[in-house]
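Heads up, final21.cif below (mmCIF, C-alpha atoms):
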```cif
data_entry
#
loop_
_atom_site.group_PDB
_atom_site.id
_atom_site.type_symbol
_atom_site.label_atom_id
_atom_site.label_comp_id
_atom_site.auth_asym_id
_atom_site.auth_seq_id
_atom_site.Cartn_x
_atom_site.Cartn_y
_atom_site.Cartn_z
ATOM 1 C CA MET Q 1353 -97.814 257.780 98.201
ATOM 2 C CA SER Q 1354 -101.262 256.181 98.423
ATOM 3 C CA LYS Q 1355 -101.573 252.424 98.635
ATOM 4 C CA LYS Q 1356 -102.561 250.696 95.418
ATOM 5 C CA ARG Q 1357 -106.221 249.667 95.441
ATOM 6 C CA ASP Q 1358 -106.863 245.971 95.400
ATOM 7 C CA ARG Q 1359 -109.387 244.155 93.222
ATOM 8 C CA LEU Q 1360 -112.117 244.018 95.852
ATOM 9 C CA GLN Q 1361 -111.791 247.755 96.509
ATOM 10 C CA ILE Q 1362 -112.012 248.546 92.772
ATOM 11 C CA ILE Q 1363 -115.141 246.392 92.423
ATOM 12 C CA TYR Q 1364 -116.596 248.107 95.490
ATOM 13 C CA ASP Q 1365 -115.829 251.541 94.031
ATOM 14 C CA ILE Q 1366 -117.440 250.698 90.666
ATOM 15 C CA LEU Q 1367 -120.562 249.221 92.283
ATOM 16 C CA SER Q 1368 -120.848 252.166 94.715
ATOM 17 C CA VAL Q 1369 -120.792 254.656 91.836
ATOM 18 C CA ILE Q 1370 -123.536 252.703 90.036
ATOM 19 C CA LYS Q 1371 -125.589 252.454 93.229
ATOM 20 C CA GLU Q 1372 -125.500 256.201 93.743
ATOM 21 C CA LYS Q 1373 -127.339 256.751 90.446
ATOM 22 C CA ASN Q 1374 -128.902 253.375 90.009
ATOM 23 C CA GLY Q 1375 -130.060 252.676 86.456
ATOM 24 C CA LYS Q 1376 -129.081 256.059 85.142
ATOM 25 C CA ILE Q 1377 -125.327 256.090 85.048
ATOM 26 C CA LYS Q 1378 -123.374 256.117 81.792
ATOM 27 C CA PRO Q 1379 -120.070 254.303 81.230
ATOM 28 C CA THR Q 1380 -118.058 257.521 80.860
ATOM 29 C CA ASN Q 1381 -119.324 258.680 84.233
ATOM 30 C CA ILE Q 1382 -118.337 255.387 85.899
ATOM 31 C CA LEU Q 1383 -114.940 255.465 84.170
ATOM 32 C CA TYR Q 1384 -114.297 258.983 85.398
ATOM 33 C CA ARG Q 1385 -115.337 258.255 88.979
ATOM 34 C CA SER Q 1386 -113.729 254.825 89.275
ATOM 35 C CA ASN Q 1387 -110.328 256.283 88.402
ATOM 36 C CA LEU Q 1388 -109.244 253.439 86.112
ATOM 37 C CA SER Q 1389 -107.598 253.276 82.710
ATOM 38 C CA ASN Q 1390 -109.947 252.663 79.799
ATOM 39 C CA GLN Q 1391 -108.690 249.117 79.291
ATOM 40 C CA MET Q 1392 -108.878 248.176 82.977
ATOM 41 C CA PHE Q 1393 -112.323 249.704 83.244
ATOM 42 C CA GLN Q 1394 -113.593 247.651 80.284
ATOM 43 C CA GLU Q 1395 -112.121 244.439 81.765
ATOM 44 C CA TYR Q 1396 -113.802 245.049 85.124
ATOM 45 C CA MET Q 1397 -117.131 245.968 83.542
ATOM 46 C CA ASP Q 1398 -117.125 242.879 81.302
ATOM 47 C CA GLU Q 1399 -116.392 240.667 84.299
ATOM 48 C CA LEU Q 1400 -119.026 242.297 86.496
ATOM 49 C CA ILE Q 1401 -121.664 241.888 83.777
ATOM 50 C CA GLN Q 1402 -120.627 238.303 83.097
ATOM 51 C CA LYS Q 1403 -120.758 237.407 86.797
ATOM 52 C CA GLY Q 1404 -124.144 239.052 87.230
ATOM 53 C CA PHE Q 1405 -123.201 241.978 89.482
ATOM 54 C CA ILE Q 1406 -124.456 244.627 87.068
ATOM 55 C CA LEU Q 1407 -126.908 244.895 84.182
ATOM 56 C CA GLU Q 1408 -126.254 246.729 80.949
ATOM 57 C CA ASN Q 1409 -129.305 248.644 79.700
ATOM 58 C CA LYS Q 1410 -129.263 249.715 76.065
ATOM 59 C CA ALA Q 1411 -131.362 252.736 75.145
ATOM 60 C CA LYS Q 1412 -131.451 255.214 72.246
ATOM 61 C CA SER Q 1413 -129.498 257.724 74.299
ATOM 62 C CA GLY Q 1414 -126.752 255.156 74.919
ATOM 63 C CA LYS Q 1415 -125.795 252.485 77.445
ATOM 64 C CA THR Q 1416 -126.571 252.779 81.142
ATOM 65 C CA TYR Q 1417 -125.802 250.417 84.017
ATOM 66 C CA SER Q 1418 -127.700 249.237 87.069
ATOM 67 C CA LEU Q 1419 -126.969 246.904 89.964
ATOM 68 C CA THR Q 1420 -128.411 243.408 90.241
ATOM 69 C CA GLN Q 1421 -129.341 241.883 93.596
ATOM 70 C CA LYS Q 1422 -125.927 240.214 93.570
ATOM 71 C CA GLY Q 1423 -124.325 243.636 93.178
ATOM 72 C CA PHE Q 1424 -126.286 245.017 96.133
ATOM 73 C CA ASP Q 1425 -125.315 241.927 98.144
ATOM 74 C CA TYR Q 1426 -121.653 242.548 97.350
ATOM 75 C CA LEU Q 1427 -121.868 246.120 98.602
ATOM 76 C CA SER Q 1428 -123.522 245.110 101.863
ATOM 77 C CA ARG Q 1429 -121.053 242.293 102.412
ATOM 78 C CA TYR Q 1430 -117.941 244.110 101.293
ATOM 79 C CA GLN Q 1431 -116.597 244.607 104.807
ATOM 80 C CA MET Q 1432 -117.137 240.948 105.607
ATOM 81 C CA ILE Q 1433 -115.306 239.992 102.390
ATOM 82 C CA VAL Q 1434 -112.434 242.335 103.251
ATOM 83 C CA ASP Q 1435 -112.201 240.943 106.792
ATOM 84 C CA PHE Q 1436 -112.247 237.347 105.555
ATOM 85 C CA THR Q 1437 -109.752 237.855 102.752
ATOM 86 C CA SER Q 1438 -107.307 239.922 104.808
ATOM 87 C CA SER Q 1439 -107.315 237.580 107.818
ATOM 88 C CA PHE Q 1440 -106.938 234.457 105.667
ATOM 89 C CA GLY Q 1441 -104.328 236.100 103.418
ATOM 90 C CA LEU Q 1442 -106.433 235.993 100.265
ATOM 91 C CA SER Q 1443 -105.760 239.455 98.892
ATOM 92 C CA GLU Q 1444 -104.544 239.278 95.286
ATOM 93 C CA MET X 848 -99.486 201.185 106.599
ATOM 94 C CA MET X 849 -101.145 202.845 109.545
ATOM 95 C CA ASN X 850 -100.909 201.007 112.792
ATOM 96 C CA TYR X 851 -104.064 201.498 114.831
ATOM 97 C CA ALA X 852 -102.342 200.161 117.954
ATOM 98 C CA ILE X 853 -100.748 203.603 118.396
ATOM 99 C CA VAL X 854 -104.140 204.962 119.522
ATOM 100 C CA PRO X 855 -104.179 204.683 123.314
ATOM 101 C CA TYR X 856 -107.113 202.534 124.400
ATOM 102 C CA TRP X 857 -108.652 205.291 126.540
ATOM 103 C CA PHE X 858 -108.469 207.723 123.597
ATOM 104 C CA ALA X 859 -110.377 205.491 121.151
ATOM 105 C CA GLY X 860 -113.647 207.233 120.383
ATOM 106 C CA TYR X 861 -112.394 210.649 121.478
ATOM 107 C CA ASN X 862 -110.142 210.737 118.411
ATOM 108 C CA VAL X 863 -113.245 210.236 116.230
ATOM 109 C CA LEU X 864 -114.978 213.167 117.943
ATOM 110 C CA PHE X 865 -111.929 215.387 117.410
ATOM 111 C CA GLU X 866 -111.720 214.427 113.737
ATOM 112 C CA LEU X 867 -115.431 215.069 113.206
ATOM 113 C CA MET X 868 -114.937 218.485 114.780
ATOM 114 C CA PHE X 869 -112.013 219.221 112.418
ATOM 115 C CA PHE X 870 -114.167 218.017 109.508
ATOM 116 C CA VAL X 871 -117.032 220.385 110.416
ATOM 117 C CA ILE X 872 -114.767 223.430 110.956
ATOM 118 C CA ALA X 873 -112.785 222.834 107.743
ATOM 119 C CA LEU X 874 -116.070 222.304 105.851
ATOM 120 C CA LEU X 875 -117.531 225.580 107.182
ATOM 121 C CA VAL X 876 -114.369 227.515 106.283
ATOM 122 C CA GLY X 877 -114.355 225.953 102.791
ATOM 123 C CA VAL X 878 -118.031 226.691 102.136
ATOM 124 C CA TYR X 879 -117.643 230.239 103.441
ATOM 125 C CA ALA X 880 -114.590 230.875 101.252
ATOM 126 C CA LEU X 881 -116.501 229.662 98.190
ATOM 127 C CA ARG X 882 -119.344 232.011 99.108
ATOM 128 C CA ILE X 883 -116.821 234.847 99.250
ATOM 129 C CA TYR X 884 -115.622 233.723 95.808
ATOM 130 C CA GLN X 885 -119.185 233.866 94.477
ATOM 131 C CA LEU X 886 -119.510 237.425 95.734
ATOM 132 C CA SER X 887 -116.084 238.739 94.808
ATOM 133 C CA GLY X 888 -114.952 236.532 91.908
ATOM 134 C CA GLN X 889 -111.569 236.414 93.653
ATOM 135 C CA LYS X 890 -109.570 233.384 92.541
ATOM 136 C CA GLN X 891 -107.632 233.162 95.830
ATOM 137 C CA SER X 892 -110.888 232.600 97.735
ATOM 138 C CA LYS X 893 -111.867 229.819 95.345
ATOM 139 C CA LEU X 894 -108.545 228.014 95.824
ATOM 140 C CA PHE X 895 -108.697 228.530 99.581
ATOM 141 C CA GLY X 896 -112.260 227.150 99.651
ATOM 142 C CA ILE X 897 -111.354 224.103 97.551
ATOM 143 C CA SER X 898 -108.319 223.366 99.737
ATOM 144 C CA PHE X 899 -110.398 223.426 102.925
ATOM 145 C CA LEU X 900 -113.104 221.240 101.366
ATOM 146 C CA LEU X 901 -110.419 218.689 100.430
ATOM 147 C CA ILE X 902 -108.991 218.836 103.964
ATOM 148 C CA SER X 903 -112.468 218.425 105.463
ATOM 149 C CA ALA X 904 -113.096 215.368 103.257
ATOM 150 C CA ALA X 905 -109.763 213.931 104.472
ATOM 151 C CA TYR X 906 -110.841 214.349 108.120
ATOM 152 C CA PHE X 907 -114.233 212.829 107.400
ATOM 153 C CA ILE X 908 -112.611 209.699 105.970
ATOM 154 C CA GLN X 909 -110.163 209.577 108.892
ATOM 155 C CA SER X 910 -113.010 209.777 111.403
ATOM 156 C CA ILE X 911 -114.922 206.958 109.671
ATOM 157 C CA LEU X 912 -111.799 204.791 109.640
ATOM 158 C CA ASN X 913 -111.072 205.425 113.287
ATOM 159 C CA PHE X 914 -114.691 204.837 114.202
ATOM 160 C CA ALA X 915 -114.633 201.481 112.362
ATOM 161 C CA ALA X 916 -111.349 200.580 114.082
ATOM 162 C CA SER X 917 -112.648 201.527 117.541
ATOM 163 C CA TYR X 918 -115.898 199.637 116.905
ATOM 164 C CA SER X 919 -114.139 196.474 115.742
ATOM 165 C CA MET X 920 -111.777 196.643 118.759
ATOM 166 C CA ALA X 921 -114.717 196.987 121.129
ATOM 167 C CA GLU X 922 -116.854 194.280 119.512
ATOM 168 C CA GLY X 923 -114.113 191.844 118.614
ATOM 169 C CA CYS X 924 -114.167 190.353 115.122
ATOM 170 C CA ASN X 925 -113.370 187.190 113.182
ATOM 171 C CA MET X 926 -110.688 186.661 110.516
ATOM 172 C CA HIS X 927 -113.087 187.393 107.656
ATOM 173 C CA SER X 928 -114.170 190.741 109.041
ATOM 174 C CA MET X 929 -110.547 191.548 109.969
ATOM 175 C CA ALA X 930 -109.523 191.040 106.312
ATOM 176 C CA ALA X 931 -112.420 193.205 105.101
ATOM 177 C CA MET X 932 -111.503 195.843 107.682
ATOM 178 C CA HIS X 933 -107.873 195.803 106.521
ATOM 179 C CA SER X 934 -108.869 196.348 102.839
ATOM 180 C CA LEU X 935 -111.271 199.109 103.818
ATOM 181 C CA SER X 936 -108.735 200.853 106.048
ATOM 182 C CA SER X 937 -105.963 200.668 103.411
ATOM 183 C CA ALA X 938 -108.219 202.291 100.792
ATOM 184 C CA GLY X 939 -109.393 204.850 103.353
ATOM 185 C CA ILE X 940 -105.874 205.750 104.480
ATOM 186 C CA TYR X 941 -104.796 206.302 100.859
ATOM 187 C CA ALA X 942 -107.865 208.485 100.272
ATOM 188 C CA HIS X 943 -107.164 210.450 103.476
ATOM 189 C CA MET X 944 -103.517 211.049 102.578
ATOM 190 C CA VAL X 945 -104.233 212.030 98.961
ATOM 191 C CA LEU X 946 -107.079 214.395 99.934
ATOM 192 C CA PHE X 947 -105.101 216.035 102.756
ATOM 193 C CA ILE X 948 -101.938 216.514 100.690
ATOM 194 C CA THR X 949 -103.969 217.795 97.693
ATOM 195 C CA GLY X 950 -105.642 220.293 100.053
ATOM 196 C CA LEU X 951 -102.292 221.538 101.359
ATOM 197 C CA VAL X 952 -100.790 221.711 97.849
ATOM 198 C CA THR X 953 -103.816 223.763 96.732
ATOM 199 C CA LEU X 954 -103.311 226.060 99.721
ATOM 200 C CA ALA X 955 -99.580 226.427 98.987
ATOM 201 C CA TYR X 956 -100.374 227.081 95.307
ATOM 202 C CA MET X 957 -102.855 229.759 96.406
ATOM 203 C CA THR X 958 -100.142 231.518 98.425
ATOM 204 C CA LEU X 959 -97.801 231.529 95.410
ATOM 205 C CA LYS X 960 -100.372 233.601 93.462
ATOM 206 C CA ILE X 961 -99.417 231.982 90.160
ATOM 207 C CA LYS X 962 -102.130 231.917 87.517
ATOM 208 C CA ASP X 963 -101.010 228.774 85.728
ATOM 209 C CA ILE X 964 -102.870 225.525 86.249
ATOM 210 C CA ARG X 965 -99.942 223.580 84.687
ATOM 211 C CA ALA X 966 -97.687 224.687 87.556
ATOM 212 C CA TYR X 967 -100.302 223.424 90.005
ATOM 213 C CA GLY X 968 -100.592 220.109 88.130
ATOM 214 C CA LEU X 969 -96.837 219.599 88.113
ATOM 215 C CA PHE X 970 -96.523 220.547 91.785
ATOM 216 C CA LEU X 971 -99.325 218.169 92.797
ATOM 217 C CA ALA X 972 -98.173 215.275 90.586
ATOM 218 C CA ALA X 973 -94.604 215.477 91.932
ATOM 219 C CA ILE X 974 -95.728 215.473 95.569
ATOM 220 C CA LEU X 975 -98.296 212.682 95.125
ATOM 221 C CA ALA X 976 -95.728 210.583 93.248
ATOM 222 C CA VAL X 977 -93.215 210.983 96.098
ATOM 223 C CA LEU X 978 -95.927 210.025 98.583
ATOM 224 C CA LEU X 979 -97.528 207.077 96.814
ATOM 225 C CA LEU X 980 -94.389 205.469 95.370
ATOM 226 C CA ASN X 981 -92.632 205.492 98.710
ATOM 227 C CA SER X 982 -92.440 202.455 100.960
ATOM 228 C CA SER X 983 -92.768 204.522 104.173
ATOM 229 C CA LYS X 984 -95.958 206.282 103.097
ATOM 230 C CA LEU X 985 -97.095 207.319 106.545
ATOM 231 C CA TYR X 986 -93.777 208.948 107.514
ATOM 232 C CA PHE X 987 -93.622 210.668 104.145
ATOM 233 C CA PHE X 988 -97.216 211.836 104.484
ATOM 234 C CA TYR X 989 -96.446 213.590 107.774
ATOM 235 C CA ALA X 990 -93.084 214.860 106.512
ATOM 236 C CA LEU X 991 -94.599 216.310 103.304
ATOM 237 C CA SER X 992 -97.514 217.790 105.269
ATOM 238 C CA SER X 993 -95.009 219.406 107.656
ATOM 239 C CA ILE X 994 -92.927 220.860 104.813
ATOM 240 C CA LEU X 995 -96.024 222.301 103.131
ATOM 241 C CA LEU X 996 -97.277 223.662 106.462
ATOM 242 C CA ILE X 997 -93.893 225.323 107.166
ATOM 243 C CA TYR X 998 -94.190 227.125 103.847
ATOM 244 C CA ILE X 999 -97.858 228.061 104.463
ATOM 245 C CA SER X 1000 -97.070 229.247 108.025
ATOM 246 C CA PHE X 1001 -94.334 231.557 106.690
ATOM 247 C CA TYR X 1002 -96.847 232.979 104.234
ATOM 248 C CA TYR X 1003 -99.273 233.704 107.080
ATOM 249 C CA LEU X 1004 -96.483 235.195 109.187
ATOM 250 C CA ARG X 1005 -95.724 237.607 106.335
ATOM 251 C CA ASN X 1006 -99.452 238.300 106.015
ATOM 252 C CA TYR X 1007 -99.601 239.209 109.710
ATOM 253 C CA LEU X 1008 -96.466 241.385 109.574
ATOM 254 C CA LYS X 1009 -97.964 243.216 106.602
ATOM 255 C CA SER X 1010 -101.417 243.829 108.095
ATOM 256 C CA ARG X 1011 -100.631 243.758 111.869
ATOM 257 C CA LYS X 1012 -104.227 242.627 112.459
ATOM 258 C CA MET X 1013 -105.217 240.331 115.314
ATOM 259 C CA SER X 1014 -107.229 238.115 112.929
ATOM 260 C CA ALA X 1015 -104.164 237.589 110.730
ATOM 261 C CA LEU X 1016 -102.125 236.701 113.843
ATOM 262 C CA ILE X 1017 -104.783 234.143 114.859
ATOM 263 C CA VAL X 1018 -104.649 232.486 111.429
ATOM 264 C CA PHE X 1019 -100.827 232.384 111.565
ATOM 265 C CA MET X 1020 -100.990 230.795 115.028
ATOM 266 C CA ALA X 1021 -103.562 228.278 113.761
ATOM 267 C CA PHE X 1022 -101.296 227.123 110.930
ATOM 268 C CA LEU X 1023 -98.366 226.988 113.350
ATOM 269 C CA PHE X 1024 -100.376 224.651 115.616
ATOM 270 C CA LEU X 1025 -101.367 222.555 112.601
ATOM 271 C CA LEU X 1026 -97.666 222.311 111.748
ATOM 272 C CA PHE X 1027 -96.746 221.275 115.308
ATOM 273 C CA GLY X 1028 -99.574 218.765 115.195
ATOM 274 C CA LYS X 1029 -98.311 217.173 112.002
ATOM 275 C CA ILE X 1030 -94.705 217.079 113.251
ATOM 276 C CA HIS X 1031 -96.031 215.395 116.399
ATOM 277 C CA PHE X 1032 -97.790 212.748 114.313
ATOM 278 C CA ILE X 1033 -94.430 211.715 112.823
ATOM 279 C CA PHE X 1034 -93.475 210.477 116.298
ATOM 280 C CA SER X 1035 -96.947 209.128 117.025
ATOM 281 C CA VAL X 1036 -96.401 206.275 114.552
ATOM 282 C CA ASP X 1037 -94.430 204.671 117.371
ATOM 283 C CA HIS X 1038 -95.903 206.303 120.437
ATOM 284 C CA GLY X 1039 -99.511 206.762 121.590
ATOM 285 C CA THR X 1040 -98.850 209.867 123.720
ATOM 286 C CA PHE X 1041 -97.703 211.791 120.660
ATOM 287 C CA TYR X 1042 -100.879 210.720 118.863
ATOM 288 C CA VAL X 1043 -102.996 212.335 121.612
ATOM 289 C CA ALA X 1044 -100.772 215.441 121.699
ATOM 290 C CA GLY X 1045 -101.075 215.730 117.903
ATOM 291 C CA HIS X 1046 -104.863 215.718 118.149
ATOM 292 C CA LEU X 1047 -104.799 218.353 120.913
ATOM 293 C CA LEU X 1048 -102.505 220.587 118.860
ATOM 294 C CA GLU X 1049 -104.772 220.207 115.844
ATOM 295 C CA PHE X 1050 -107.766 220.965 118.063
ATOM 296 C CA THR X 1051 -106.091 224.245 119.143
ATOM 297 C CA ALA X 1052 -105.465 225.093 115.471
ATOM 298 C CA TYR X 1053 -109.077 224.500 114.436
ATOM 299 C CA ALA X 1054 -110.394 226.305 117.518
ATOM 300 C CA LEU X 1055 -108.362 229.372 116.458
ATOM 301 C CA ILE X 1056 -109.628 229.097 112.875
ATOM 302 C CA SER X 1057 -113.228 228.869 114.068
ATOM 303 C CA VAL X 1058 -112.739 231.876 116.402
ATOM 304 C CA ASN X 1059 -111.587 233.838 113.380
ATOM 305 C CA LEU X 1060 -114.458 232.638 111.207
ATOM 306 C CA ILE X 1061 -117.044 233.466 113.894
ATOM 307 C CA ASP X 1062 -115.517 236.917 114.275
ATOM 308 C CA VAL X 1063 -115.853 237.596 110.525
ATOM 309 C CA VAL X 1064 -119.404 236.221 110.302
ATOM 310 C CA LYS X 1065 -120.493 238.161 113.412
ATOM 311 C CA LYS X 1066 -119.617 241.466 111.753
ATOM 312 C CA LYS X 1067 -121.990 240.740 108.839
#
```
Translate the structure described by the file into structure tokens.
Amino acid sequence: MSKKRDRLQIIYDILSVIKEKNGKIKPTNILYRSNLSNQMFQEYMDELIQKGFILENKAKSGKTYSLTQKGFDYLSRYQMIVDFTSSFGLSE
Amino acid sequence: MMNYAIVPYWFAGYNVLFELMFFVIALLVGVYALRIYQLSGQKQSKLFGISFLLISAAYFIQSILNFAASYSMAEGCNMHSMAAMHSLSSAGIYAHMVLFITGLVTLAYMTLKIKDIRAYGLFLAAILAVLLLNSSKLYFFYALSSILLIYISFYYLRNYLKSRKMSALIVFMAFLFLLFGKIHFIFSVDHGTFYVAGHLLEFTAYALISVNLIDVVKKK
């Protein structure tokens, strides 16, 4: 049985998916690739927008998402965050 | 309250340097944890950061107090300045104890992973009440610190057993040394040698914490 993903890993997965198709990815695509329930996905997306990791772009064809600088920073520092949180016992 | 005579004469001044070192390391860990919180939004990192900032503030106050005590011992002072020094040191010792205990309570609350600020408030109020309403404040301060550190050390032991990582083992060892240091200070109230040993044990703890922090930062 695979180990349950923690919060940091889920955030990393969501941001990685957005990075792959930066500025052009639709919510259904992120939902599908992040492997989350609809409710969980919405909670994570709301939080990531609120905390300035991602930007929501509204167009006629629907919503798309892109990464902010903070989002890119998170991706590049993910390993450091994981190392810090696991060694200091901060995993939720 | 605290009896400065327990500081061996030869150690006066060195204790200030040790405490400033603990202040800097705890401050760096706290600031770094809050940076991790900014990046991850993880509540545990925020609590961890706040607890280390409180602990660093406690060490800063302790170092100022000990510096003032060492300075007044070296210079010699009159009755007026002695009275002023006594008032200043009493206020400073209270501030040190409250900040240090609040830091440890925040750390213990973080390990419980409860998302209820009322539980934290109750926990903190009960411990501060026991500390401040007690006649033997210094003994109770070290005893409460030791109890909280026993709990925190067990948490870090479990964390190590779960991850089996060297960094987690280092953090567990660091908290164990902090615990030994605090237990040592209980005896130091009557004996100068224990006071020195307590500082050396705390130094080992903070050296281990800084090794871990450097290791994480280096990988960036």
* Within 10 Å of chain Q: residues of chain X, using all atoms listed in the file, as an MDAnalysis selection string -> chainID X and resid 879:880 882:895 957:958 960 1002:1007 1010:1019 1056 1059:1060 1062:1067
* Asked: Skipping near chain neighbours, those fewer than 6 positions away, what residues fall within 12 Å of range 985-993 of chain X using only C-alpha atoms, listed as a PyMOL selection string?
  -> chain X and resi 848-850+902+937+940-952+954-955+971+973-979+999-1000+1022-1037+1045
Could you write out as a short mmCIF file (atom, residue, chain, number, x, y, z; two decimals) with C-alpha atoms, keeping the file's coordinate frame the residues that the PyMOL selection byres ((chain Q and resi 1407) around 6) matches in the shown file?
```
data_model
loop_
_atom_site.label_atom_id
_atom_site.label_comp_id
_atom_site.auth_asym_id
_atom_site.auth_seq_id
_atom_site.Cartn_x
_atom_site.Cartn_y
_atom_site.Cartn_z
CA ILE Q 1406 -124.46 244.63 87.07
CA GLU Q 1408 -126.25 246.73 80.95
CA TYR Q 1417 -125.80 250.42 84.02
CA SER Q 1418 -127.70 249.24 87.07
#
```
* Tell me which protein, DNA and RNA residues are within 12 Å of Lys1410 in chain Q, counting all atoms listed in the file, leaving out same-chain ones fewer than 2 positions away, and put them as a ChimeraX atom specification. => /Q:1375-1379,1407-1408,1412-1418
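Against this structure, the PyMOL selection byres ((chain X and resi 872) around 10) ends up with Glu866, Leu867, Met868, Phe869, Phe870, Val871, Ala873, Leu874, Leu875, Val876, Gly877, Val878, Phe899, Leu900, Ser903, Tyr1053, Ala1054, Ile1056, Ser1057 and Leu1060 of chain X.
Of note, CA of Pro855 in chain X and CA of Ala915 in chain X are spaced 15.5 Å apart.
You will find CA of Lys984 in chain X at 15.7 Å from CA of Gln909 in chain X.
Proximity ranking of Q:Gln1402, Q:Ser1386, Q:Asn1409, Q:Gln1391 relative to Asp1365 in chain Q places Q:Ser1386 first, based on all atoms listed in the file.
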* Go through Q:Arg1357, Q:Thr1380, Q:Ala1411, Q:Glu1372 and flag the residue nearest Phe1393 in chain Q, using only C-alpha atoms for the distances. => Q:Thr1380
* Asked: What is the distance between CA of Asn913 in chain X and CA of Leu864 in chain X, in Å to one decimal?
  -> 9.8 Å
* To do: Find the spatial neighbours of Arg1385 in chain Q, counting all atoms listed in the file, within a cut-off of 9 Å - ignore same-chain residues fewer than 2 positions away - and output them as a ChimeraX atom specification.
  => /Q:1365-1366,1369,1380-1383,1387-1388
With C-alpha atoms retained, export the selected residues as a compact mmCIF listing (two decimals), in the coordinates of the input.
```txt
# COMPACT_ATOMS: atom_id res chain seq x y z
CA ASP Q 1365 -115.83 251.54 94.03
CA ILE Q 1366 -117.44 250.70 90.67
CA VAL Q 1369 -120.79 254.66 91.84
CA THR Q 1380 -118.06 257.52 80.86
CA ASN Q 1381 -119.32 258.68 84.23
CA ILE Q 1382 -118.34 255.39 85.90
CA LEU Q 1383 -114.94 255.46 84.17
CA ASN Q 1387 -110.33 256.28 88.40
CA LEU Q 1388 -109.24 253.44 86.11
```
Range 1002-1015 of chain X written out with C-alpha atoms as a tab-separated table (two decimals), in the first residue's frame:
```
chain	number	residue	atom	x	y	z
X	1002	TYR	CA	8.29	13.20	20.23
X	1003	TYR	CA	11.64	13.57	18.46
X	1004	LEU	CA	12.60	10.00	19.34
X	1005	ARG	CA	9.39	8.81	17.65
X	1006	ASN	CA	10.16	11.11	14.72
X	1007	TYR	CA	13.59	9.49	14.35
X	1008	LEU	CA	12.23	5.93	14.66
X	1009	LYS	CA	9.68	6.75	11.98
X	1010	SER	CA	12.08	8.34	9.48
X	1011	ARG	CA	15.41	6.66	10.46
X	1012	LYS	CA	17.21	9.74	9.11
X	1013	MET	CA	20.48	11.02	10.56
X	1014	SER	CA	19.11	14.59	10.70
X	1015	ALA	CA	16.15	13.43	12.80
```
